[in-house]
Amino acid sequence: MAVVKGSDAGRAAVRATPSSSGTREGVEGRPDIPDVTVQSKADNYSFHCETGSNLLFAGLREGVPLPYECATGTCGTCKARVLEGDVDRGWPDAPGRAYLKAERGEILMCQARAHSPCTLRVPARLSAIPYPRVPDFFEARVCAAHPLASDVMSFVLELEHPLRFEAGQFVVLEFPDIAGGRAYSMVNYAPVTTRLEFVVKRKPGGELSNRLFTDPIEGRTVRVFGPLGKAVFRPQEDKNLLCIGGGSGIAALMSILSRAVGEGYFGAHAADVFFGVRGARDVFYLDRLSAVAAANADAVRVTVALSDEDVPSALAKRYPQLRFASGFVHAVAAQRMAGRFENLVAYLGGPPPMVDGALRMLILEARLPANCIRYDKFS
Amino acid sequence: MSWVRVCAADEVSKDTLKVFKVNGVEILVANLGDEHRAYPPVCPHMEEPLEESGMCAGGILTCSKHLWQWDMRSGELVHAAEADEENERLLLMYDLKREGNELLVRLDHELEYDYGEDEDE
């Protein structure tokens, strides 16, 4: 019997299935940690789902290659169907629910929680190829926070235990008094570290981002799940880098640049970095980008694109190591990269319209092969 | 078998995709430059509406959701994210013919993808 709870439970089918759940108790002596079985087109997997963990995170932390992209209820990639068991669907307004057929008992694994042993089916062939790193939960504390621009904030977390991640990855942060998780890409890079740096843009109506801008957050505790994401830097690919970032989407690209610089990658490779913001008052990280460009003058070119205004001469004068342009960042990149799209990997980060614009440019104009484009879709 | 009119050929410009409703069935028409082709309106991978997410260039269809790509003439998968490389989902196609400026498809039944949801039934 599949019981699917949640706001639209009335429309969810309650299906009778051959049940074996009566004989399973999950972890021995711990009925609060139910067993979850996932059927896929290829192999089947089982894992334990601890109280408080959603089904996606519970599986990923045991190394199960469940499909996901945003891990925060938006993209729909982690959809699954409940074949049996008692599952709470979670966030009723998750945008990713648009991808579900509720009458078929479909759920978003990143939002749903198991209240009994359960069996799920994912409409995908789970790969035997592991994700870059097996993620887990970490307790953390905000150890620093400061504004970077009018509506952009930097904050740093100190983790209780070190995290190993790849440049370009993200984590999901859960604050104790704010419902749901938020995905943030790491700005810094170290192969293994307890210090994670993030950048957040204030969003109109965004509960967490507004709180970050109005309340002092130093010292607050945060639960971290990660690392997540497949859009990682792989130095062994031996290719030049094209980084196109908009606003706080520059975060993952900063991490990739940081690793590349740290490992001397620009001795033999080049990078073109395009950073888009609306206007001169929205820029940040220009000192860091200047330093990277100055230290790798023959290899790294950084262009800052202002979408809403002409480039003030004072800004261009202040950062002689950087190039500036007026226009949408993907259009500026298309123009300045014309004829130079060979032998590179493109990394994208930013708001969905910017990422879509950059994708269309790279596929339709630059004819870049899809396996040379990396981004994690958050919409 | 029945051939039904979908649209005029010049309603779909080169390297674009457009959905038309024919006898209650949504059909995605693509202009590959030298010919038109007709497909179901959703991505074979995760049902994304291709009129919005699809990109058409050089005879290759790319869905912007996860960057899966298909050869628009053979229907074969050209690229899938590495985690799904064993997946062999084909792009389904309706037979299409052109008469003057009119495009017609053979619509015996609606083509639909198997998203692997029904194997337990």
# chains A, B, ... in the order shown; residues from 1 in each chain; ligands from 1
>>> interface_residues(of="chain A", to="chain B", cutoff="10 Å", atoms="only C-alpha atoms", output="VMD selection string")
chain A and resid 39 to 42 65 to 67 69 75 to 77 79 to 81 83 99 104 106 121 to 131 230 355 to 356 359 to 360 363 to 365 367 369 to 371 373 to 379
>>> residues_around(residues="Pro44 in chain B", least_positions_apart="5", cutoff="8 Å", atoms="only C-alpha atoms", output="MDAnalysis selection string")
chainID B and resid 89:91 113 115
>>> select_by_dssp(residues="range 39-231 of chain A", states="strand (DSSP E)", output="MDAnalysis selection string")
chainID A and resid 39 44:48 79:88 106:108 113:114 118:121 136:149 152:164 170:174 182:185 192:201 221:228
>>> residues_around(residues="Val4 in chain B", least_positions_apart="5", cutoff="12 Å", atoms="only C-alpha atoms", output="list of chain:residue names")
B:Phe20, B:Lys21, B:Val22, B:Asn23, B:Gly24, B:Val25, B:Ile27, B:Tyr94, B:Asp95, B:Leu96, B:Lys97, B:Arg98, B:Glu99, B:Glu102, B:Leu103, B:Leu104, B:Val105, B:Arg106, B:Leu107, B:Asp108, B:His109
>>> write_last_selection(atoms="N, CA, C and O atoms", output="mmCIF file, in the first residue's frame")
data_model
loop_
_atom_site.group_PDB
_atom_site.id
_atom_site.type_symbol
_atom_site.label_atom_id
_atom_site.label_comp_id
_atom_site.auth_asym_id
_atom_site.auth_seq_id
_atom_site.Cartn_x
_atom_site.Cartn_y
_atom_site.Cartn_z
ATOM 1 N N PHE B 20 2.323 22.492 -33.312
ATOM 2 C CA PHE B 20 1.003 22.656 -33.916
ATOM 3 C C PHE B 20 0.095 21.562 -33.374
ATOM 4 O O PHE B 20 0.563 20.464 -33.074
ATOM 5 N N LYS B 21 -1.177 21.890 -33.250
ATOM 6 C CA LYS B 21 -2.130 20.882 -32.775
ATOM 7 C C LYS B 21 -2.911 20.358 -33.973
ATOM 8 O O LYS B 21 -3.535 21.130 -34.699
ATOM 9 N N VAL B 22 -2.829 19.052 -34.165
ATOM 10 C CA VAL B 22 -3.490 18.421 -35.305
ATOM 11 C C VAL B 22 -4.388 17.301 -34.777
ATOM 12 O O VAL B 22 -3.898 16.366 -34.149
ATOM 13 N N ASN B 23 -5.663 17.408 -35.018
ATOM 14 C CA ASN B 23 -6.625 16.409 -34.519
ATOM 15 C C ASN B 23 -6.422 16.142 -33.024
ATOM 16 O O ASN B 23 -6.452 14.999 -32.578
ATOM 17 N N GLY B 24 -6.162 17.185 -32.274
ATOM 18 C CA GLY B 24 -5.988 17.041 -30.833
ATOM 19 C C GLY B 24 -4.610 16.558 -30.408
ATOM 20 O O GLY B 24 -4.349 16.393 -29.225
ATOM 21 N N VAL B 25 -3.722 16.323 -31.363
ATOM 22 C CA VAL B 25 -2.377 15.827 -31.042
ATOM 23 C C VAL B 25 -1.358 16.944 -31.277
ATOM 24 O O VAL B 25 -1.356 17.577 -32.332
ATOM 25 N N ILE B 27 2.096 18.361 -32.265
ATOM 26 C CA ILE B 27 3.203 17.919 -33.119
ATOM 27 C C ILE B 27 4.242 19.027 -33.197
ATOM 28 O O ILE B 27 3.914 20.196 -33.424
ATOM 29 N N TYR B 94 7.371 11.499 -36.686
ATOM 30 C CA TYR B 94 6.235 11.230 -37.568
ATOM 31 C C TYR B 94 6.724 11.288 -39.012
ATOM 32 O O TYR B 94 7.604 12.100 -39.339
ATOM 33 N N ASP B 95 6.139 10.468 -39.872
ATOM 34 C CA ASP B 95 6.416 10.614 -41.310
ATOM 35 C C ASP B 95 5.876 11.969 -41.744
ATOM 36 O O ASP B 95 4.769 12.348 -41.353
ATOM 37 N N LEU B 96 6.664 12.678 -42.524
ATOM 38 C CA LEU B 96 6.251 14.013 -42.965
ATOM 39 C C LEU B 96 6.499 14.149 -44.457
ATOM 40 O O LEU B 96 7.507 13.652 -44.978
ATOM 41 N N LYS B 97 5.588 14.781 -45.146
ATOM 42 C CA LYS B 97 5.840 15.068 -46.560
ATOM 43 C C LYS B 97 5.392 16.489 -46.870
ATOM 44 O O LYS B 97 4.567 17.071 -46.158
ATOM 45 N N ARG B 98 5.996 17.013 -47.929
ATOM 46 C CA ARG B 98 5.693 18.384 -48.316
ATOM 47 C C ARG B 98 4.960 18.374 -49.656
ATOM 48 O O ARG B 98 5.383 17.704 -50.597
ATOM 49 N N GLU B 99 3.869 19.104 -49.732
ATOM 50 C CA GLU B 99 3.144 19.263 -50.997
ATOM 51 C C GLU B 99 3.026 20.752 -51.249
ATOM 52 O O GLU B 99 2.253 21.439 -50.586
ATOM 53 N N GLU B 102 2.727 23.154 -48.284
ATOM 54 C CA GLU B 102 2.014 22.526 -47.174
ATOM 55 C C GLU B 102 2.819 21.363 -46.597
ATOM 56 O O GLU B 102 3.408 20.576 -47.349
ATOM 57 N N LEU B 103 2.826 21.249 -45.278
ATOM 58 C CA LEU B 103 3.468 20.103 -44.627
ATOM 59 C C LEU B 103 2.383 19.169 -44.106
ATOM 60 O O LEU B 103 1.438 19.621 -43.456
ATOM 61 N N LEU B 104 2.530 17.879 -44.387
ATOM 62 C CA LEU B 104 1.563 16.892 -43.928
ATOM 63 C C LEU B 104 2.288 15.808 -43.127
ATOM 64 O O LEU B 104 3.408 15.424 -43.461
ATOM 65 N N VAL B 105 1.645 15.338 -42.070
ATOM 66 C CA VAL B 105 2.209 14.203 -41.322
ATOM 67 C C VAL B 105 1.243 13.035 -41.391
ATOM 68 O O VAL B 105 0.031 13.217 -41.535
ATOM 69 N N ARG B 106 1.829 11.833 -41.273
ATOM 70 C CA ARG B 106 0.981 10.643 -41.212
ATOM 71 C C ARG B 106 0.662 10.386 -39.741
ATOM 72 O O ARG B 106 1.554 10.069 -38.950
ATOM 73 N N LEU B 107 -0.581 10.563 -39.412
ATOM 74 C CA LEU B 107 -0.980 10.510 -38.011
ATOM 75 C C LEU B 107 -1.903 9.320 -37.785
ATOM 76 O O LEU B 107 -3.114 9.458 -37.801
ATOM 77 N N ASP B 108 -1.286 8.137 -37.625
ATOM 78 C CA ASP B 108 -2.105 6.961 -37.323
ATOM 79 C C ASP B 108 -2.460 6.938 -35.843
ATOM 80 O O ASP B 108 -3.552 6.617 -35.446
ATOM 81 N N HIS B 109 -1.459 7.264 -35.029
ATOM 82 C CA HIS B 109 -1.707 7.362 -33.591
ATOM 83 C C HIS B 109 -0.650 8.305 -33.007
ATOM 84 O O HIS B 109 0.396 8.544 -33.630
#
>>> residues_around(residues="Ala251 in chain A", least_positions_apart="4", cutoff="9 Å", atoms="only C-alpha atoms", output="list in words")
Gly168, Tyr184, Ser185, Met186, Val187, Asn188, Glu197, Phe198, Val199, Gly245, Gly247, Ser255, Ile256, Gly349 and Gly350 of chain A
>>> residues_around(residues="Cys372 in chain A", least_positions_apart="2", cutoff="10 Å", atoms="only C-alpha atoms", output="list in words")
Lys239, Leu241, Leu242, Asn343, Leu344, Val345, Ala346, Tyr347, Leu362, Leu368, Pro369, Ala370 and Arg374 of chain A
>>> select_by_dssp(residues="chain B", states="helix (DSSP H, G or I)", output="VMD selection string")
chain B and resid 9 to 11 50 to 53 82 to 84
>>> write_last_selection(atoms="C-alpha atoms", output="CSV table (one decimal), in the first residue's frame")
chain,number,residue,atom,x,y,z
B,9,ALA,CA,6.3,25.2,-44.6
B,10,ASP,CA,7.2,28.8,-44.3
B,11,GLU,CA,5.5,29.0,-40.8
B,50,LEU,CA,10.8,21.2,-26.6
B,51,GLU,CA,9.3,24.3,-28.1
B,52,GLU,CA,10.8,26.1,-25.1
B,53,SER,CA,13.7,24.0,-24.1
B,82,GLU,CA,27.8,11.1,-18.5
B,83,ALA,CA,25.6,9.7,-15.8
B,84,ASP,CA,23.2,8.4,-18.4
>>> residues_around(residues="range 47-62 of chain A", least_positions_apart="4", cutoff="9 Å", atoms="only C-alpha atoms", output="PyMOL selection string")
chain A and resi 26-27+32-38+66-68+71+78+90+108-115+117+131+134-137+225-226
>>> atom_distance(atom1="CA of Ser307 in chain A", atom2="CA of Cys243 in chain A")
17.1 Å
>>> closest_residue(among="A:Ile107, A:Ile178, A:Ala149, A:Val171", to="Ser209 in chain A", atoms="only C-alpha atoms")
A:Ile178
>>> atom_distance(atom1="CA of Lys14 in chain B", atom2="CA of Ala38 in chain B")
13.9 Å
>>> residues_around(residues="Arg281 in chain A", least_positions_apart="6", cutoff="10 Å", atoms="only C-alpha atoms", output="MDAnalysis selection string")
chainID A and resid 149:151 306 315
